[in-house]
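Content type compact mmCIF, C-alpha atoms, from the file upload06.txt:
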```txt
# COMPACT_ATOMS: atom_id res chain seq x y z
CA MET A 139 -80.96 -98.20 109.11
CA LYS A 140 -80.13 -94.91 107.45
CA PHE A 141 -76.43 -95.81 107.54
CA ASP A 142 -77.06 -99.12 105.76
CA THR A 143 -79.14 -97.36 103.15
CA LEU A 144 -76.41 -94.79 102.52
CA LYS A 145 -73.82 -97.51 102.37
CA ARG A 146 -75.81 -99.47 99.81
CA THR A 147 -76.38 -96.32 97.80
CA SER A 148 -72.68 -95.52 97.83
CA LEU A 149 -71.74 -99.02 96.77
CA TYR A 150 -74.33 -98.91 94.00
CA GLY A 151 -72.99 -95.57 92.82
CA THR A 152 -69.44 -96.89 92.79
CA LEU A 153 -70.54 -99.96 90.88
CA VAL A 154 -72.35 -97.86 88.32
CA PHE A 155 -69.27 -95.65 87.90
CA VAL A 156 -66.98 -98.65 87.46
CA MET A 157 -69.32 -100.20 84.93
CA ALA A 158 -69.57 -96.92 83.04
CA LEU A 159 -65.80 -96.57 83.03
CA ALA A 160 -65.38 -100.10 81.77
CA ALA A 161 -67.92 -99.47 79.05
CA ALA A 162 -66.11 -96.30 78.04
CA CYS A 163 -62.79 -98.14 77.86
CA SER A 164 -64.38 -100.89 75.84
CA ASN A 165 -65.85 -98.34 73.43
CA GLN A 166 -62.41 -96.72 73.01
CA LYS A 167 -60.48 -99.93 72.49
CA GLU A 168 -61.49 -100.45 68.87
CA PRO A 169 -60.66 -96.91 67.67
CA ALA A 170 -57.45 -97.02 69.71
CA GLN A 171 -56.50 -100.27 68.00
CA LYS A 172 -57.16 -98.76 64.58
CA ALA A 173 -55.18 -95.63 65.48
CA LEU A 174 -52.27 -97.79 66.64
CA ASP A 175 -52.41 -99.97 63.54
CA ASP A 176 -52.44 -96.93 61.23
CA ALA A 177 -49.53 -95.32 63.07
CA SER A 178 -47.56 -98.58 63.04
CA ALA A 179 -48.11 -98.97 59.30
CA ALA A 180 -46.92 -95.42 58.66
CA VAL A 181 -43.83 -95.92 60.82
CA ASN A 182 -42.94 -99.26 59.25
CA HIS A 183 -43.26 -97.69 55.79
CA SER A 184 -40.89 -94.88 56.74
CA LEU A 185 -38.22 -97.02 58.40
CA THR A 186 -36.09 -97.82 55.36
CA PRO A 187 -32.32 -98.27 54.96
CA ASP A 188 -32.27 -94.77 53.47
CA ALA A 189 -33.90 -93.43 56.64
CA ASP A 190 -31.13 -94.98 58.73
CA LYS A 191 -28.57 -93.38 56.41
CA TYR A 192 -29.97 -89.87 56.06
CA ALA A 193 -31.93 -89.29 59.28
CA PRO A 194 -30.81 -91.70 62.05
CA LYS A 195 -31.84 -89.36 64.89
CA ARG A 196 -35.34 -89.02 63.48
CA VAL A 197 -35.55 -92.81 63.16
CA THR A 198 -34.64 -93.28 66.82
CA ALA A 199 -37.15 -90.64 67.93
CA LEU A 200 -39.92 -92.15 65.81
CA GLN A 201 -39.27 -95.64 67.14
CA GLY A 202 -39.53 -94.23 70.67
CA LYS A 203 -42.88 -92.60 69.93
CA LEU A 204 -44.29 -95.81 68.51
CA ALA A 205 -43.04 -97.81 71.51
CA GLU A 206 -44.77 -95.34 73.83
CA LEU A 207 -47.96 -95.66 71.83
CA LYS A 208 -47.88 -99.45 72.14
CA SER A 209 -47.13 -99.20 75.86
CA ASN A 210 -50.18 -96.97 76.38
CA PHE A 211 -52.35 -99.40 74.48
CA ASP A 212 -51.13 -102.34 76.57
CA ALA A 213 -51.90 -100.28 79.69
CA LYS A 214 -55.41 -99.71 78.30
CA SER A 215 -54.80 -95.97 78.12
CA TYR A 216 -56.86 -95.89 74.96
CA ALA A 217 -57.61 -92.18 75.08
CA ALA A 218 -53.89 -91.46 75.16
CA VAL A 219 -53.34 -93.70 72.15
CA ILE A 220 -56.11 -92.01 70.17
CA ALA A 221 -54.73 -88.58 71.04
CA ALA A 222 -51.07 -89.34 70.24
CA ALA A 223 -51.38 -91.60 67.20
CA PRO A 224 -51.91 -88.80 64.64
CA ASP A 225 -48.68 -87.11 65.75
CA VAL A 226 -46.78 -90.38 65.28
CA THR A 227 -48.25 -90.81 61.80
CA THR A 228 -47.31 -87.23 60.91
CA ALA A 229 -43.76 -87.77 62.21
CA ALA A 230 -43.46 -90.88 60.03
CA LYS A 231 -44.57 -88.96 56.95
CA ASP A 232 -42.15 -86.14 57.80
CA LEU A 233 -39.33 -88.69 58.03
CA THR A 234 -40.15 -90.04 54.57
CA ARG A 235 -40.21 -86.50 53.16
CA VAL A 236 -36.90 -85.49 54.77
CA VAL A 237 -35.16 -88.66 53.58
CA ALA A 238 -36.42 -88.18 50.02
CA THR A 239 -35.21 -84.56 50.01
CA ASP A 240 -31.77 -85.41 51.39
CA LYS A 241 -31.34 -88.35 49.04
CA ASP A 242 -32.28 -86.23 46.05
CA ALA A 243 -29.79 -83.55 47.09
CA GLU A 244 -27.01 -86.12 47.45
CA THR A 245 -27.85 -87.68 44.09
CA LYS A 246 -27.61 -84.29 42.39
CA ASP A 247 -24.26 -83.61 44.09
CA LEU A 248 -22.83 -86.99 43.08
CA THR A 249 -24.08 -86.55 39.52
CA ALA A 250 -22.44 -83.13 39.29
CA ARG A 251 -19.16 -84.50 40.65
CA TRP A 252 -19.20 -87.33 38.12
CA ALA A 253 -19.88 -84.85 35.32
CA ASP A 254 -16.80 -82.88 36.40
CA ALA A 255 -14.68 -86.04 36.53
CA SER A 256 -15.82 -87.34 33.15
CA ALA A 257 -15.15 -83.96 31.57
CA SER A 258 -11.67 -83.42 33.01
CA ILE A 259 -9.92 -86.72 33.72
CA PRO A 260 -9.88 -87.99 30.11
CA LYS A 261 -8.24 -84.69 29.10
CA LEU A 262 -5.59 -85.15 31.78
CA LEU A 263 -4.92 -88.67 30.60
CA GLU A 264 -4.69 -87.50 27.01
CA ALA A 265 -2.21 -84.76 27.91
CA VAL A 266 0.09 -87.12 29.82
CA HIS A 267 -0.11 -89.80 27.11
CA ALA A 268 0.86 -87.24 24.49
CA ARG A 269 3.81 -85.98 26.52
CA ILE A 270 5.08 -89.46 27.32
CA ASP A 271 4.81 -90.44 23.64
CA GLU A 272 6.74 -87.31 22.72
CA LEU A 273 9.46 -88.02 25.26
CA GLY A 274 9.64 -91.64 24.17
CA LYS A 275 10.53 -90.58 20.64
CA ALA A 276 13.34 -88.30 21.78
CA LYS A 277 16.84 -89.66 21.23
CA HIS A 278 18.12 -88.18 24.45
CA PRO A 279 15.34 -87.73 27.07
CA ALA A 280 16.08 -85.27 29.83
CA LYS A 281 17.76 -87.01 32.74
CA HIS A 282 15.70 -85.18 35.33
CA LEU A 283 12.51 -86.79 33.98
CA ASP A 284 11.45 -90.20 35.34
CA LEU A 285 9.82 -91.64 32.27
CA ALA A 286 9.56 -95.19 33.65
CA THR A 287 7.69 -94.03 36.74
CA ALA A 288 5.44 -91.83 34.63
CA ARG A 289 4.51 -94.74 32.40
CA ALA A 290 3.76 -96.99 35.39
CA ASP A 291 1.58 -94.35 37.03
CA LEU A 292 -0.19 -93.64 33.76
CA THR A 293 -0.99 -97.33 33.30
CA GLU A 294 -2.61 -97.36 36.75
CA ALA A 295 -4.46 -94.14 35.93
CA ASP A 296 -5.85 -95.68 32.73
CA SER A 297 -6.95 -98.76 34.67
CA GLY A 298 -8.50 -96.66 37.41
CA TRP A 299 -10.46 -94.57 34.96
CA ALA A 300 -11.72 -97.72 33.20
CA ASN A 301 -12.92 -99.00 36.58
CA ALA A 302 -14.60 -95.66 37.25
CA THR A 303 -16.54 -95.62 34.00
CA SER A 304 -17.54 -99.26 34.47
CA ALA A 305 -18.82 -98.59 38.00
CA ASN A 306 -20.79 -95.58 36.82
CA SER A 307 -22.36 -97.63 34.03
CA SER A 308 -23.45 -100.14 36.68
CA GLY A 309 -25.10 -97.40 38.73
CA LYS A 310 -22.45 -97.50 41.46
CA ILE A 311 -21.67 -93.81 41.44
CA ASN A 312 -19.89 -93.76 44.81
CA ASP A 313 -17.54 -96.49 43.61
CA ALA A 314 -17.12 -94.62 40.34
CA LEU A 315 -16.11 -91.42 42.12
CA ALA A 316 -13.68 -93.29 44.36
CA ALA A 317 -12.03 -94.92 41.33
CA ALA A 318 -11.99 -91.57 39.52
CA LYS A 319 -10.23 -89.97 42.48
CA ASP A 320 -7.55 -92.68 42.39
CA ALA A 321 -7.16 -92.26 38.64
CA LYS A 322 -6.76 -88.50 39.01
CA GLU A 323 -4.08 -88.93 41.67
CA LYS A 324 -2.18 -91.40 39.47
CA VAL A 325 -2.31 -89.22 36.37
CA GLU A 326 -1.11 -86.27 38.44
CA ALA A 327 1.75 -88.41 39.74
CA ALA A 328 2.64 -89.40 36.18
CA ALA A 329 2.63 -85.75 35.15
CA ALA A 330 4.84 -84.82 38.08
CA ALA A 331 7.36 -87.51 37.12
CA ILE A 332 7.87 -85.86 33.74
CA LYS A 333 7.51 -82.27 35.02
CA LEU A 334 4.28 -81.71 33.08
CA GLN A 335 2.05 -78.90 34.38
CA LEU A 336 -1.59 -80.00 34.31
CA PRO A 337 -4.58 -77.66 34.47
CA GLN A 338 -6.35 -77.41 37.83
CA THR A 339 -9.60 -79.38 38.07
CA THR A 340 -12.31 -80.07 40.64
CA ALA A 341 -12.88 -83.64 39.48
CA ALA A 342 -13.62 -86.40 42.01
CA LYS A 343 -12.91 -84.43 45.14
```
Written as structure tokens, how would this file's structure read?
Amino acid sequence: MKFDTLKRTSLYGTLVFVMALAAACSNQKEPAQKALDDASAAVNHSLTPDADKYAPKRVTALQGKLAELKSNFDAKSYAAVIAAAPDVTTAAKDLTRVVATDKDAETKDLTARWADASASIPKLLEAVHARIDELGKAKHPAKHLDLATARADLTEADSGWANATSANSSGKINDALAAAKDAKEKVEAAAAAIKLQLPQTTAAK
């Protein structure tokens, strides 16, 4: 008789514990869902094309943290979700901050490089144009100067610089710098063909 009573008591205690545990899980589900939703929103906001460009490792790590959070929720580990979600949200905000900082730094660098190019390349073009015009007026140009090649290279340099300024006006600064680099190389080649010493510049490197 005593054994049956103890057995019933034990079963009752187990049942009460299970019911209490289920109630606790049920009570945690709603805040866990909200925590997951908030973290997911923060992550989705931070995962931009710029994030892939400037901080790909952080993107991968953040995606892994969110996947783990979702896995814990599916496993009904609500306490784990509630505990970890703030860290995921913070990581997402950190990603956004890092990307903004890196993008700003790159923009400043590109702007400075374009300023150098726009200040120096037109002067190089002007110098080569002037020298070619001068040589063209000479009755007997020096034989060691390749005036035809210089003119051809200068034409390409003029075209390249026009493309550079057009790209910059359209907000395509990377394309502008690439075209400026080509223009600089062509004007230097033109100068070399007529043995003209140009000043050293840092444009479009």
- Any idea what's packed within 12 Å of Ala316 in chain A, counting only C-alpha atoms, ignoring anything in its chain fewer than 4 positions away? Could you give it as a ChimeraX atom specification? /A:248,251-252,255,298-299,301-303,305-306,310-312,320-323,341-343
Residues near Leu233 in chain A, cut-off 8 Å, all atoms listed in the file, skip fewer than 6 positions along chain, as an mmCIF file with C-alpha atoms, keeping the file's coordinate frame:
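Saved as result_28.cif:
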```
data_model
loop_
_atom_site.group_PDB
_atom_site.id
_atom_site.type_symbol
_atom_site.label_atom_id
_atom_site.label_comp_id
_atom_site.auth_asym_id
_atom_site.auth_seq_id
_atom_site.Cartn_x
_atom_site.Cartn_y
_atom_site.Cartn_z
ATOM 1 C CA SER A 184 -40.890 -94.880 56.740
ATOM 2 C CA ALA A 189 -33.900 -93.430 56.640
ATOM 3 C CA ALA A 193 -31.930 -89.290 59.280
ATOM 4 C CA ARG A 196 -35.340 -89.020 63.480
ATOM 5 C CA VAL A 197 -35.550 -92.810 63.160
#
```
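You will find CA of Ala179 in chain A at 24.3 Å from CA of Asp242 in chain A.
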- Task: Fewer than 5 positions away in the same chain doesn't count, so skip those; otherwise give me all residues within 8 Å of range 201-204 of chain A, counting only C-alpha atoms, as a ChimeraX atom specification.
- Result: /A:177-178,181,226
- Task: Check the smallest atom-to-atom distance from each of A:Ala170, A:Ala205, A:Leu185, A:Ala276 to Ala217 in chain A using all atoms listed in the file, then report the winner.
- Result: A:Ala170
- For Thr293 in chain A, please output as a VMD selection string all residues within 9 Å (counting all atoms listed in the file; exclusion window: fewer than 5 positions along the same chain). chain A and resid 288 298 324 to 325
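Of the residues listed (A:His183, A:Lys261, A:Lys241, A:Lys333), A:His183 shows the shortest atom-to-atom separation from Ala229 in chain A; distances use all atoms listed in the file.
For the pair CA of Phe211 in chain A and CA of Val236 in chain A, the interatomic distance is 28.6 Å.
Between CA of Leu262 in chain A and CA of Gly274 in chain A the separation is 18.2 Å.
Of the residues under consideration (A:Ala331, A:Leu283, A:Leu336, A:Ile259), A:Ile259 shows the shortest atom-to-atom contact distance to Ala317 in chain A when counting only C-alpha atoms.
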Where atoms are missing, can you supply N, CA and C atoms for range 164-193 of chain A and output the lot as a PDB file, in the frame of the given file?
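And here's rebuild.pdb as it stands now:
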```pdb
ATOM      1  N   SER A 164     -64.072 -99.908  76.869  1.00  0.00           N
ATOM      2  CA  SER A 164     -64.380-100.890  75.840  1.00  0.00           C
ATOM      3  C   SER A 164     -64.732-100.200  74.530  1.00  0.00           C
ATOM      4  N   ASN A 165     -65.463 -99.096  74.618  1.00  0.00           N
ATOM      5  CA  ASN A 165     -65.850 -98.340  73.430  1.00  0.00           C
ATOM      6  C   ASN A 165     -64.639 -97.697  72.763  1.00  0.00           C
ATOM      7  N   GLN A 166     -63.602 -97.370  73.552  1.00  0.00           N
ATOM      8  CA  GLN A 166     -62.410 -96.720  73.010  1.00  0.00           C
ATOM      9  C   GLN A 166     -61.376 -97.708  72.482  1.00  0.00           C
ATOM     10  N   LYS A 167     -61.501 -98.960  72.863  1.00  0.00           N
ATOM     11  CA  LYS A 167     -60.480 -99.930  72.490  1.00  0.00           C
ATOM     12  C   LYS A 167     -60.366-100.094  70.975  1.00  0.00           C
ATOM     13  N   GLU A 168     -61.509-100.222  70.313  1.00  0.00           N
ATOM     14  CA  GLU A 168     -61.490-100.450  68.870  1.00  0.00           C
ATOM     15  C   GLU A 168     -60.872 -99.264  68.102  1.00  0.00           C
ATOM     16  N   PRO A 169     -61.316 -98.022  68.372  1.00  0.00           N
ATOM     17  CA  PRO A 169     -60.660 -96.910  67.670  1.00  0.00           C
ATOM     18  C   PRO A 169     -59.186 -96.744  68.049  1.00  0.00           C
ATOM     19  N   ALA A 170     -58.855 -97.089  69.296  1.00  0.00           N
ATOM     20  CA  ALA A 170     -57.450 -97.020  69.710  1.00  0.00           C
ATOM     21  C   ALA A 170     -56.623 -98.042  68.944  1.00  0.00           C
ATOM     22  N   GLN A 171     -57.202 -99.238  68.764  1.00  0.00           N
ATOM     23  CA  GLN A 171     -56.500-100.270  68.000  1.00  0.00           C
ATOM     24  C   GLN A 171     -56.275 -99.835  66.564  1.00  0.00           C
ATOM     25  N   LYS A 172     -57.298 -99.237  65.970  1.00  0.00           N
ATOM     26  CA  LYS A 172     -57.160 -98.760  64.580  1.00  0.00           C
ATOM     27  C   LYS A 172     -56.124 -97.644  64.491  1.00  0.00           C
ATOM     28  N   ALA A 173     -56.149 -96.731  65.468  1.00  0.00           N
ATOM     29  CA  ALA A 173     -55.180 -95.630  65.480  1.00  0.00           C
ATOM     30  C   ALA A 173     -53.759 -96.180  65.604  1.00  0.00           C
ATOM     31  N   LEU A 174     -53.576 -97.175  66.457  1.00  0.00           N
ATOM     32  CA  LEU A 174     -52.270 -97.790  66.640  1.00  0.00           C
ATOM     33  C   LEU A 174     -51.820 -98.514  65.375  1.00  0.00           C
ATOM     34  N   ASP A 175     -52.742 -99.235  64.762  1.00  0.00           N
ATOM     35  CA  ASP A 175     -52.410 -99.970  63.540  1.00  0.00           C
ATOM     36  C   ASP A 175     -52.007 -99.006  62.413  1.00  0.00           C
ATOM     37  N   ASP A 176     -52.745 -97.915  62.282  1.00  0.00           N
ATOM     38  CA  ASP A 176     -52.440 -96.930  61.230  1.00  0.00           C
ATOM     39  C   ASP A 176     -51.071 -96.283  61.475  1.00  0.00           C
ATOM     40  N   ALA A 177     -50.813 -95.936  62.730  1.00  0.00           N
ATOM     41  CA  ALA A 177     -49.530 -95.320  63.070  1.00  0.00           C
ATOM     42  C   ALA A 177     -48.387 -96.306  62.840  1.00  0.00           C
ATOM     43  N   SER A 178     -48.593 -97.559  63.227  1.00  0.00           N
ATOM     44  CA  SER A 178     -47.560 -98.580  63.040  1.00  0.00           C
ATOM     45  C   SER A 178     -47.253 -98.780  61.559  1.00  0.00           C
ATOM     46  N   ALA A 179     -48.307 -98.798  60.736  1.00  0.00           N
ATOM     47  CA  ALA A 179     -48.110 -98.970  59.300  1.00  0.00           C
ATOM     48  C   ALA A 179     -47.313 -97.812  58.711  1.00  0.00           C
ATOM     49  N   ALA A 180     -47.630 -96.598  59.152  1.00  0.00           N
ATOM     50  CA  ALA A 180     -46.920 -95.420  58.660  1.00  0.00           C
ATOM     51  C   ALA A 180     -45.449 -95.449  59.071  1.00  0.00           C
ATOM     52  N   VAL A 181     -45.204 -95.847  60.308  1.00  0.00           N
ATOM     53  CA  VAL A 181     -43.830 -95.920  60.820  1.00  0.00           C
ATOM     54  C   VAL A 181     -43.043 -96.992  60.070  1.00  0.00           C
ATOM     55  N   ASN A 182     -43.641 -98.169  59.942  1.00  0.00           N
ATOM     56  CA  ASN A 182     -42.940 -99.260  59.250  1.00  0.00           C
ATOM     57  C   ASN A 182     -42.611 -98.878  57.806  1.00  0.00           C
ATOM     58  N   HIS A 183     -43.491 -98.130  57.168  1.00  0.00           N
ATOM     59  CA  HIS A 183     -43.260 -97.690  55.790  1.00  0.00           C
ATOM     60  C   HIS A 183     -42.091 -96.715  55.717  1.00  0.00           C
ATOM     61  N   SER A 184     -41.941 -95.913  56.749  1.00  0.00           N
ATOM     62  CA  SER A 184     -40.890 -94.880  56.740  1.00  0.00           C
ATOM     63  C   SER A 184     -39.526 -95.390  57.162  1.00  0.00           C
ATOM     64  N   LEU A 185     -39.488 -96.509  57.881  1.00  0.00           N
ATOM     65  CA  LEU A 185     -38.220 -97.020  58.400  1.00  0.00           C
ATOM     66  C   LEU A 185     -37.496 -97.865  57.347  1.00  0.00           C
ATOM     67  N   THR A 186     -36.821 -97.183  56.462  1.00  0.00           N
ATOM     68  CA  THR A 186     -36.090 -97.820  55.360  1.00  0.00           C
ATOM     69  C   THR A 186     -34.584 -97.693  55.606  1.00  0.00           C
ATOM     70  N   PRO A 187     -33.776 -98.452  54.849  1.00  0.00           N
ATOM     71  CA  PRO A 187     -32.320 -98.270  54.960  1.00  0.00           C
ATOM     72  C   PRO A 187     -31.900 -96.833  54.674  1.00  0.00           C
ATOM     73  N   ASP A 188     -32.592 -96.179  53.750  1.00  0.00           N
ATOM     74  CA  ASP A 188     -32.270 -94.770  53.470  1.00  0.00           C
ATOM     75  C   ASP A 188     -32.543 -93.892  54.679  1.00  0.00           C
ATOM     76  N   ALA A 189     -33.591 -94.215  55.434  1.00  0.00           N
ATOM     77  CA  ALA A 189     -33.900 -93.430  56.640  1.00  0.00           C
ATOM     78  C   ALA A 189     -32.775 -93.563  57.656  1.00  0.00           C
ATOM     79  N   ASP A 190     -32.254 -94.777  57.815  1.00  0.00           N
ATOM     80  CA  ASP A 190     -31.130 -94.980  58.730  1.00  0.00           C
ATOM     81  C   ASP A 190     -29.895 -94.201  58.273  1.00  0.00           C
ATOM     82  N   LYS A 191     -29.729 -94.067  56.966  1.00  0.00           N
ATOM     83  CA  LYS A 191     -28.570 -93.380  56.410  1.00  0.00           C
ATOM     84  C   LYS A 191     -28.677 -91.862  56.538  1.00  0.00           C
ATOM     85  N   TYR A 192     -29.834 -91.331  56.156  1.00  0.00           N
ATOM     86  CA  TYR A 192     -29.970 -89.870  56.060  1.00  0.00           C
ATOM     87  C   TYR A 192     -30.546 -89.202  57.309  1.00  0.00           C
ATOM     88  N   ALA A 193     -31.302 -89.931  58.122  1.00  0.00           N
ATOM     89  CA  ALA A 193     -31.930 -89.290  59.280  1.00  0.00           C
ATOM     90  C   ALA A 193     -31.983 -90.235  60.482  1.00  0.00           C
TER      91      ALA A 193
END
```
